[in-house]
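Next comes structure09.cif, a file with mmCIF, C-alpha atoms.
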data_protein
#
loop_
_atom_site.label_atom_id
_atom_site.label_comp_id
_atom_site.auth_asym_id
_atom_site.auth_seq_id
_atom_site.Cartn_x
_atom_site.Cartn_y
_atom_site.Cartn_z
CA MET H 2 0.00 0.00 0.00
CA PHE H 3 2.88 2.35 0.88
CA ILE H 4 4.56 1.64 -2.47
CA LYS H 5 1.31 2.34 -4.36
CA THR H 6 0.82 5.61 -2.46
CA LEU H 7 4.40 6.68 -3.17
CA SER H 8 3.99 5.86 -6.86
CA LEU H 9 0.75 7.85 -7.01
CA TYR H 10 2.50 10.79 -5.33
CA ALA H 11 5.34 10.67 -7.86
CA PHE H 12 2.87 10.50 -10.77
CA THR H 13 0.87 13.42 -9.38
CA SER H 14 4.05 15.51 -9.03
CA ILE H 15 5.00 14.80 -12.65
CA ALA H 16 1.49 15.60 -13.85
CA LEU H 17 1.45 18.89 -11.96
CA SER H 18 4.81 19.90 -13.35
CA ALA H 19 3.53 19.25 -16.87
CA ALA H 20 0.34 21.24 -16.29
CA PRO H 21 -0.11 24.80 -17.62
CA VAL H 22 2.15 27.17 -15.73
CA MET H 23 -0.65 29.37 -14.43
CA ALA H 24 -4.24 28.70 -15.25
CA ASP H 25 -5.48 30.94 -12.42
CA ARG H 26 -3.90 34.28 -13.43
CA ASP H 27 -5.60 36.45 -16.05
CA GLN H 28 -3.48 39.60 -15.77
CA LEU H 29 0.05 40.20 -17.04
CA ARG H 30 2.69 41.01 -14.46
CA ILE H 31 5.63 43.18 -15.54
CA VAL H 32 8.64 44.14 -13.41
CA GLY H 33 11.97 45.88 -13.92
CA SER H 34 13.60 49.09 -15.12
CA SER H 35 12.45 52.46 -13.79
CA THR H 36 13.48 53.97 -17.14
CA VAL H 37 11.29 51.61 -19.17
CA PHE H 38 8.52 51.82 -16.55
CA PRO H 39 6.72 54.91 -17.98
CA PHE H 40 6.76 53.43 -21.50
CA SER H 41 5.55 50.03 -20.34
CA THR H 42 2.89 51.62 -18.15
CA THR H 43 1.60 53.74 -21.03
CA VAL H 44 1.29 50.71 -23.31
CA ALA H 45 -0.33 48.71 -20.49
CA GLU H 46 -2.95 51.40 -19.90
CA ARG H 47 -3.79 51.67 -23.61
CA PHE H 48 -3.87 47.89 -23.88
CA GLY H 49 -6.28 47.60 -20.95
CA LYS H 50 -8.63 50.22 -22.38
CA SER H 51 -8.64 49.05 -25.99
CA THR H 52 -8.80 45.25 -25.63
CA LYS H 53 -10.76 42.63 -23.71
CA PHE H 54 -7.76 41.97 -21.46
CA LYS H 55 -7.12 43.41 -18.01
CA THR H 56 -4.58 46.21 -17.68
CA PRO H 57 -1.18 44.61 -16.90
CA ILE H 58 0.40 45.25 -13.52
CA VAL H 59 3.71 47.12 -13.98
CA GLU H 60 6.21 47.44 -11.11
CA SER H 61 9.38 49.57 -11.03
CA THR H 62 12.03 47.38 -9.37
CA GLY H 63 15.17 48.31 -11.32
CA SER H 64 16.60 46.26 -14.18
CA GLY H 65 18.70 43.98 -11.99
CA GLY H 66 15.93 43.45 -9.46
CA GLY H 67 13.38 42.82 -12.20
CA LEU H 68 15.52 40.27 -14.00
CA LYS H 69 16.17 38.53 -10.70
CA LEU H 70 12.42 38.15 -10.17
CA PHE H 71 11.91 37.16 -13.81
CA CYS H 72 14.61 34.49 -13.63
CA SER H 73 13.37 33.02 -10.35
CA GLY H 74 11.06 30.52 -12.04
CA VAL H 75 8.06 29.65 -14.20
CA GLY H 76 4.56 29.75 -12.75
CA VAL H 77 1.87 31.81 -11.11
CA ASN H 78 4.21 33.43 -8.57
CA HIS H 79 6.68 34.71 -11.17
CA PRO H 80 6.43 37.70 -13.55
CA ASP H 81 5.79 37.32 -17.27
CA ILE H 82 7.90 40.22 -18.52
CA ALA H 83 11.01 42.06 -17.27
CA ASN H 84 11.83 45.59 -18.43
CA ALA H 85 15.53 46.46 -18.67
CA SER H 86 17.51 49.59 -19.50
CA ARG H 87 20.44 47.39 -20.51
CA ARG H 88 20.74 44.04 -22.26
CA ILE H 89 20.35 40.92 -20.13
CA LYS H 90 23.69 39.56 -18.91
CA ALA H 91 24.98 36.09 -19.75
CA SER H 92 25.08 35.34 -16.01
CA GLU H 93 21.37 36.21 -15.75
CA VAL H 94 20.55 33.90 -18.65
CA VAL H 95 22.38 31.12 -16.79
CA LYS H 96 20.46 31.95 -13.60
CA CYS H 97 17.18 31.85 -15.53
CA ALA H 98 18.03 28.42 -16.97
CA SER H 99 18.91 27.05 -13.55
CA ASN H 100 15.37 27.92 -12.44
CA GLY H 101 13.65 26.46 -15.51
CA VAL H 102 13.34 29.69 -17.49
CA THR H 103 14.97 28.37 -20.64
CA ASP H 104 13.14 30.10 -23.48
CA ILE H 105 13.25 33.91 -23.42
CA ILE H 106 12.01 36.39 -26.01
CA GLU H 107 14.17 39.51 -26.28
CA ALA H 108 12.51 42.80 -27.26
CA LYS H 109 14.57 45.89 -28.04
CA ILE H 110 12.20 48.85 -27.93
CA GLY H 111 14.26 51.96 -28.68
CA TYR H 112 16.94 54.25 -27.29
CA ASP H 113 17.37 56.54 -24.32
CA GLY H 114 19.95 59.00 -23.06
CA ILE H 115 21.14 59.23 -19.48
CA VAL H 116 21.10 62.84 -18.36
CA PHE H 117 23.18 64.68 -15.78
CA ALA H 118 20.61 67.22 -14.67
CA ASN H 119 20.10 70.01 -12.17
CA SER H 120 17.55 72.67 -11.30
CA LYS H 121 16.92 75.45 -13.81
CA GLU H 122 17.61 77.82 -10.94
CA SER H 123 21.27 76.78 -11.08
CA GLN H 124 24.14 77.11 -13.55
CA LEU H 125 23.87 74.99 -16.69
CA PHE H 126 26.92 72.73 -16.86
CA ASP H 127 28.96 71.88 -19.94
CA ILE H 128 30.84 68.93 -18.50
CA THR H 129 33.13 66.28 -19.97
CA LEU H 130 33.12 62.56 -19.28
CA SER H 131 36.54 63.00 -17.69
CA GLU H 132 35.15 65.61 -15.27
CA ILE H 133 32.23 63.35 -14.37
CA PHE H 134 34.68 60.56 -13.59
CA MET H 135 36.90 62.83 -11.48
CA ALA H 136 33.88 64.05 -9.52
CA LEU H 137 32.32 60.66 -8.80
CA ALA H 138 35.05 57.99 -8.82
CA LYS H 139 36.13 56.42 -5.54
CA ASN H 140 39.78 56.68 -6.56
CA VAL H 141 41.24 59.14 -9.07
CA PRO H 142 44.59 59.30 -10.88
CA THR H 143 47.33 61.71 -9.87
CA SER H 144 49.83 63.36 -12.21
CA LYS H 145 52.11 60.35 -11.77
CA ASN H 146 51.50 57.44 -14.14
CA GLY H 147 50.03 54.42 -12.38
CA ASP H 148 49.26 56.35 -9.20
CA THR H 149 45.80 56.91 -7.69
CA ILE H 150 44.44 58.48 -4.52
CA THR H 151 41.13 58.45 -2.67
CA ASN H 152 38.95 61.09 -4.32
CA PRO H 153 39.81 64.40 -2.57
CA TYR H 154 37.39 66.65 -4.45
CA THR H 155 34.53 68.13 -2.44
CA THR H 156 33.37 71.09 -4.55
CA TRP H 157 32.75 71.50 -8.28
CA ASP H 158 35.28 74.30 -8.76
CA GLU H 159 38.01 71.86 -7.71
CA ILE H 160 37.10 69.81 -10.77
CA ASN H 161 36.90 72.79 -13.12
CA PRO H 162 37.48 76.46 -12.10
CA SER H 163 34.54 77.51 -14.32
CA PHE H 164 32.16 75.47 -12.18
CA PRO H 165 30.59 77.01 -9.05
CA ALA H 166 32.17 76.57 -5.63
CA VAL H 167 29.36 74.35 -4.35
CA LYS H 168 29.46 70.90 -2.80
CA ILE H 169 29.53 67.92 -5.13
CA GLU H 170 26.20 66.21 -4.51
CA VAL H 171 24.82 63.83 -7.12
CA MET H 172 21.68 61.76 -6.67
CA GLY H 173 21.52 58.60 -8.72
CA PRO H 174 20.27 55.04 -8.96
CA PRO H 175 21.45 52.06 -6.85
CA PRO H 176 23.51 49.09 -8.12
CA THR H 177 20.35 47.13 -9.05
CA SER H 178 19.50 49.75 -11.68
CA GLY H 179 20.20 49.36 -15.38
CA THR H 180 20.65 53.14 -15.51
CA ARG H 181 23.44 52.80 -12.95
CA ASP H 182 25.06 50.02 -15.02
CA ALA H 183 24.88 52.09 -18.20
CA PHE H 184 26.07 55.29 -16.51
CA VAL H 185 29.09 53.50 -15.07
CA GLU H 186 29.95 51.89 -18.39
CA LEU H 187 29.34 54.90 -20.66
CA ALA H 188 30.08 57.93 -18.51
CA MET H 189 32.44 56.78 -15.75
CA GLU H 190 34.49 54.40 -17.88
CA GLY H 191 34.34 56.83 -20.80
CA GLY H 192 36.01 59.48 -18.65
CA CYS H 193 38.35 57.06 -16.92
CA LYS H 194 39.93 55.70 -20.10
CA SER H 195 40.68 59.20 -21.33
CA VAL H 196 43.76 58.93 -19.08
CA GLY H 197 46.48 57.31 -21.16
CA TRP H 198 47.94 54.91 -18.62
CA ILE H 199 44.47 53.76 -17.50
CA LYS H 200 43.50 52.95 -21.08
CA GLU H 201 46.66 50.83 -21.33
CA LEU H 202 45.80 49.17 -18.01
CA LYS H 203 42.78 47.54 -19.66
CA LYS H 204 45.13 45.51 -21.87
CA ILE H 205 47.25 44.44 -18.89
CA ASN H 206 44.78 43.89 -16.06
CA LYS H 207 41.06 44.10 -16.90
CA ASP H 208 39.94 43.49 -13.31
CA GLU H 209 42.05 46.33 -11.95
CA TYR H 210 40.91 48.57 -14.81
CA LYS H 211 37.24 47.82 -14.13
CA ALA H 212 37.61 48.31 -10.38
CA LEU H 213 39.15 51.74 -10.93
CA CYS H 214 36.79 52.93 -13.66
CA HIS H 215 33.50 51.50 -12.37
CA THR H 216 33.67 52.16 -8.62
CA ILE H 217 31.65 55.17 -7.46
CA ARG H 218 32.70 57.02 -4.32
CA GLU H 219 30.85 56.26 -1.07
CA ASP H 220 31.66 59.35 1.00
CA GLY H 221 28.35 61.14 0.49
CA ALA H 222 29.09 62.94 -2.77
CA TYR H 223 27.04 60.31 -4.60
CA VAL H 224 23.66 59.62 -3.00
CA GLU H 225 21.75 56.46 -3.89
CA ALA H 226 18.24 57.80 -4.38
CA GLY H 227 16.39 54.57 -5.13
CA GLU H 228 14.65 53.33 -8.28
CA ASN H 229 12.11 56.17 -8.51
CA ASP H 230 13.43 58.67 -11.06
CA ASN H 231 10.51 61.01 -10.42
CA LEU H 232 11.64 61.26 -6.81
CA ILE H 233 15.11 62.39 -7.97
CA VAL H 234 13.48 65.09 -10.11
CA GLN H 235 11.47 66.31 -7.10
CA LYS H 236 14.62 66.43 -4.97
CA LEU H 237 16.40 68.53 -7.60
CA LYS H 238 13.55 71.03 -7.46
CA ALA H 239 14.02 71.25 -3.70
CA ASN H 240 17.84 71.36 -3.80
CA PRO H 241 19.20 73.58 -6.61
CA SER H 242 22.79 72.71 -5.70
CA ALA H 243 22.40 69.00 -6.42
CA PHE H 244 22.56 66.98 -9.63
CA GLY H 245 20.57 63.92 -10.61
CA ILE H 246 21.17 61.01 -12.96
CA PHE H 247 18.14 59.59 -14.80
CA GLY H 248 16.68 58.81 -18.22
CA TYR H 249 15.98 61.42 -20.89
CA SER H 250 12.22 60.86 -20.73
CA PHE H 251 12.11 62.25 -17.19
CA LEU H 252 13.99 65.36 -18.34
CA GLU H 253 11.54 65.77 -21.21
CA GLN H 254 8.57 65.51 -18.85
CA ASN H 255 10.01 68.00 -16.34
CA SER H 256 11.76 70.48 -18.64
CA ASP H 257 10.00 73.38 -16.91
CA ALA H 258 11.98 72.73 -13.72
CA VAL H 259 15.19 70.81 -14.55
CA GLN H 260 17.87 71.05 -17.24
CA GLY H 261 20.25 68.51 -18.70
CA SER H 262 23.96 69.32 -18.77
CA LYS H 263 25.86 69.27 -22.02
CA ILE H 264 28.24 66.30 -22.00
CA ASN H 265 31.35 66.64 -24.15
CA GLY H 266 29.64 69.67 -25.66
CA ILE H 267 26.51 67.76 -26.75
CA ASP H 268 23.04 68.60 -25.44
CA PRO H 269 20.83 65.70 -24.28
CA GLU H 270 18.35 66.10 -27.12
CA PHE H 271 16.19 63.67 -29.09
CA GLU H 272 18.17 63.80 -32.34
CA ALA H 273 21.58 63.62 -30.66
CA ILE H 274 20.54 60.50 -28.75
CA ALA H 275 18.98 58.90 -31.84
CA THR H 276 22.14 59.41 -33.90
CA GLY H 277 24.47 58.31 -31.10
CA ASP H 278 26.21 61.70 -30.95
CA TYR H 279 25.22 62.15 -27.32
CA PRO H 280 27.88 60.18 -25.41
CA VAL H 281 25.64 58.66 -22.74
CA ALA H 282 22.98 56.91 -24.86
CA ARG H 283 21.82 53.30 -24.49
CA SER H 284 19.32 50.75 -25.80
CA LEU H 285 16.16 49.77 -23.91
CA TYR H 286 14.67 46.27 -23.71
CA PHE H 287 12.11 43.97 -22.20
CA TYR H 288 12.18 40.18 -21.87
CA VAL H 289 9.26 37.77 -22.11
CA LYS H 290 8.92 34.30 -20.59
CA LYS H 291 7.94 32.11 -23.55
CA ALA H 292 6.49 29.42 -21.26
CA HIS H 293 3.81 31.92 -20.19
CA VAL H 294 2.69 32.78 -23.75
CA GLY H 295 -0.67 31.17 -24.47
CA VAL H 296 -1.21 30.47 -20.78
CA VAL H 297 -1.44 33.95 -19.27
CA PRO H 298 -4.03 35.68 -21.44
CA GLY H 299 -2.95 38.64 -23.54
CA ILE H 300 0.84 38.31 -23.82
CA SER H 301 0.93 37.99 -27.61
CA GLU H 302 -1.59 40.80 -27.95
CA PHE H 303 0.44 43.01 -25.59
CA LEU H 304 3.56 42.42 -27.72
CA ALA H 305 1.59 43.36 -30.83
CA GLU H 306 0.46 46.62 -29.20
CA PHE H 307 3.97 47.53 -28.01
CA THR H 308 5.48 46.94 -31.46
CA SER H 309 2.79 48.74 -33.43
CA GLU H 310 3.77 51.91 -35.30
CA ASN H 311 1.09 53.71 -33.30
CA SER H 312 3.08 52.86 -30.17
CA TRP H 313 6.85 52.80 -30.79
CA GLY H 314 6.93 54.45 -34.24
CA GLU H 315 8.43 57.86 -35.03
CA ASP H 316 5.06 59.52 -34.47
CA GLY H 317 3.85 57.02 -31.89
CA TYR H 318 2.56 57.80 -28.45
CA LEU H 319 5.75 56.51 -26.79
CA ALA H 320 7.83 59.13 -28.61
CA ASP H 321 5.61 61.71 -26.89
CA LYS H 322 6.70 60.14 -23.61
CA GLY H 323 10.39 60.51 -24.47
CA LEU H 324 11.27 57.17 -26.08
CA ILE H 325 13.80 57.56 -28.92
CA PRO H 326 12.49 55.31 -31.74
CA MET H 327 14.76 52.94 -33.62
CA PRO H 328 15.30 53.58 -37.36
CA ASP H 329 12.58 52.16 -39.62
CA GLN H 330 14.40 49.01 -40.73
CA GLU H 331 15.64 48.16 -37.25
CA ARG H 332 12.15 48.68 -35.87
CA SER H 333 10.69 46.42 -38.55
CA ASP H 334 13.25 43.69 -37.88
CA TRP H 335 12.60 43.76 -34.15
CA ALA H 336 8.81 43.78 -34.62
CA THR H 337 9.10 40.61 -36.70
CA SER H 338 11.40 38.96 -34.15
CA ILE H 339 9.20 39.87 -31.18
CA THR H 340 5.79 39.01 -32.60
CA SER H 341 7.07 35.71 -34.02
CA LEU H 342 8.28 34.88 -30.47
CA SER H 343 11.90 34.34 -31.55
CA SER H 344 14.09 33.06 -28.73
CA LEU H 345 16.99 35.07 -27.31
CA LYS H 346 20.43 34.50 -28.80
CA MET H 347 23.41 35.78 -26.82
#
Is it possible to express this structure as structure tokens?
Amino acid sequence: MFIKTLSLYAFTSIALSAAPVMADRDQLRIVGSSTVFPFSTTVAERFGKSTKFKTPIVESTGSGGGLKLFCSGVGVNHPDIANASRRIKASEVVKCASNGVTDIIEAKIGYDGIVFANSKESQLFDITLSEIFMALAKNVPTSKNGDTITNPYTTWDEINPSFPAVKIEVMGPPPTSGTRDAFVELAMEGGCKSVGWIKELKKINKDEYKALCHTIREDGAYVEAGENDNLIVQKLKANPSAFGIFGYSFLEQNSDAVQGSKINGIDPEFEAIATGDYPVARSLYFYVKKAHVGVVPGISEFLAEFTSENSWGEDGYLADKGLIPMPDQERSDWATSITSLSSLKM
């Protein structure tokens, strides 16, 4: 009798594991990037109003946090889609696979610029990547090749005499944020490697190079302000001496109160980001769990809405929200890939 019961238990477990992943959820759940959040929310709201499906739940958790949730498993307790302001990492794909998430649809949705902004009541900065690095790096190079010191700079005029003599205070995203990842890679590393011996260091010791170029100071000059970019904007309004790091769309939506610094002489404007002239521009993505398609109602239809010209096209409603559309051919190629549910290839 015990053997029969055990066999029945084993069979039941197998049957349950082969059952649909979530027959009792009828609403999409989306997590991830705070930068992609307003775009995803806008599509979700339109989708809920114009179709028979419920409006998807969209949560701003940061790219890293969202992908962690996304990769945690298949089933009713796990999200269907993860927004990301950077491409998924190979290590995250491995983590997904270890938890049974083995088929992922990648969706590139457009471009965005990371802005270095302050209140319109303050001086507009024209800052270089090198100056950003010198202001925010934990360790900075001295005049001697191969030598670094703990960042001694406390006011902006110590970085550049044309800057005001006010305290360096920059509010930005935490390590779980894709915006933080992209800022470190594009802005911090971009400024760091402008030093000759550091650029050479990359060829000799990549780990040491990355540690120097990617490590942000922790002495109060850089303030982790969470995943809510709107909150950073509000804090800049209250503190004209501070700077904030966030996506271009938030600058666009709050241009009456905050301004984006020129970086390497280039304004953070739509065209400059689209052409790649603006030095701190990046691609935006979301990722879909293929095992949930056809089980959670509305996923395919949501993808069709997101990739419609009315949504992500040059004159689409997402452009009004600050999304920088991809060129026509790239947009067409991605629409085909996404709606045909093509699996991710790293």
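Between CA of Val281 in chain H and CA of Ser131 in chain H lies a distance of 12.8 Å.
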* To do: Return as a PyMOL selection string the set of residues that the PyMOL selection byres ((chain H and resi 227) around 10) yields on the displayed structure.
  => chain H and resi 35+62-63+172-178+224-226+228-230+232-233
* Any idea what the distance is between CA of Val196 in chain H and CA of Asn146 in chain H? -> 9.3 Å
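The space between CA of Thr103 in chain H and CA of Asp182 in chain H spans 24.5 Å.
Look at everything within 6 Å of (15.4, 51.5, -19.0) using only C-alpha atoms, and the residues you get are Ser34, Thr36, Val37, Ala85, Ser86 and Leu285 of chain H.
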* Have a look at H:Ala136, H:Ala118, H:Ile205, H:Leu187 and name the one nearest to Ser256 in chain H; count all atoms listed in the file. => H:Ala118
* Write out as an NGL selection string the residues lying within 10 Å of Ser312 in chain H, counting only C-alpha atoms and excluding same-chain residues fewer than 5 positions away. => :H and (40 or 43-44 or 47 or 305-307 or 317-321 or 326)
Regenerate range 207-229 of chain H at the level of N, CA and C atoms and dump it as a tab-separated table (two decimals), keeping the file's coordinate frame.
chain	number	residue	atom	x	y	z
H	207	LYS	N	42.45	43.66	-16.72
H	207	LYS	CA	41.06	44.10	-16.90
H	207	LYS	C	40.33	44.27	-15.57
H	208	ASP	N	40.61	43.40	-14.61
H	208	ASP	CA	39.94	43.49	-13.31
H	208	ASP	C	40.31	44.77	-12.59
H	209	GLU	N	41.60	45.11	-12.61
H	209	GLU	CA	42.05	46.33	-11.95
H	209	GLU	C	41.50	47.56	-12.68
H	210	TYR	N	41.47	47.48	-13.99
H	210	TYR	CA	40.91	48.57	-14.81
H	210	TYR	C	39.44	48.79	-14.47
H	211	LYS	N	38.67	47.72	-14.42
H	211	LYS	CA	37.24	47.82	-14.13
H	211	LYS	C	37.00	48.34	-12.72
H	212	ALA	N	37.78	47.86	-11.77
H	212	ALA	CA	37.61	48.31	-10.38
H	212	ALA	C	37.85	49.82	-10.27
H	213	LEU	N	38.84	50.31	-10.99
H	213	LEU	CA	39.15	51.74	-10.93
H	213	LEU	C	38.09	52.57	-11.64
H	214	CYS	N	37.70	52.13	-12.83
H	214	CYS	CA	36.79	52.93	-13.66
H	214	CYS	C	35.32	52.85	-13.25
H	215	HIS	N	34.93	51.74	-12.64
H	215	HIS	CA	33.50	51.50	-12.37
H	215	HIS	C	33.09	51.75	-10.93
H	216	THR	N	34.02	52.03	-10.04
H	216	THR	CA	33.67	52.16	-8.62
H	216	THR	C	33.35	53.60	-8.26
H	217	ILE	N	32.11	53.83	-7.84
H	217	ILE	CA	31.65	55.17	-7.46
H	217	ILE	C	31.97	55.43	-5.99
H	218	ARG	N	32.35	56.63	-5.69
H	218	ARG	CA	32.70	57.02	-4.32
H	218	ARG	C	31.53	56.81	-3.36
H	219	GLU	N	31.87	56.57	-2.09
H	219	GLU	CA	30.85	56.26	-1.07
H	219	GLU	C	30.97	57.18	0.14
H	220	ASP	N	31.43	58.40	-0.10
H	220	ASP	CA	31.66	59.35	1.00
H	220	ASP	C	30.57	60.40	1.11
H	221	GLY	N	29.46	60.19	0.41
H	221	GLY	CA	28.35	61.14	0.49
H	221	GLY	C	28.19	62.04	-0.71
H	222	ALA	N	29.20	62.10	-1.58
H	222	ALA	CA	29.09	62.94	-2.77
H	222	ALA	C	28.09	62.33	-3.76
H	223	TYR	N	28.04	61.01	-3.80
H	223	TYR	CA	27.04	60.31	-4.60
H	223	TYR	C	26.01	59.72	-3.65
H	224	VAL	N	24.74	60.06	-3.89
H	224	VAL	CA	23.66	59.62	-3.00
H	224	VAL	C	22.76	58.66	-3.75
H	225	GLU	N	22.66	57.42	-3.28
H	225	GLU	CA	21.75	56.46	-3.89
H	225	GLU	C	20.32	56.87	-3.56
H	226	ALA	N	19.57	57.23	-4.59
H	226	ALA	CA	18.24	57.80	-4.38
H	226	ALA	C	17.12	56.84	-4.74
H	227	GLY	N	17.42	55.55	-4.87
H	227	GLY	CA	16.39	54.57	-5.13
H	227	GLY	C	16.06	54.45	-6.61
H	228	GLU	N	15.02	53.65	-6.90
H	228	GLU	CA	14.65	53.33	-8.28
H	228	GLU	C	13.61	54.29	-8.85
H	229	ASN	N	13.17	55.27	-8.06
H	229	ASN	CA	12.11	56.17	-8.51
H	229	ASN	C	12.73	57.45	-9.08
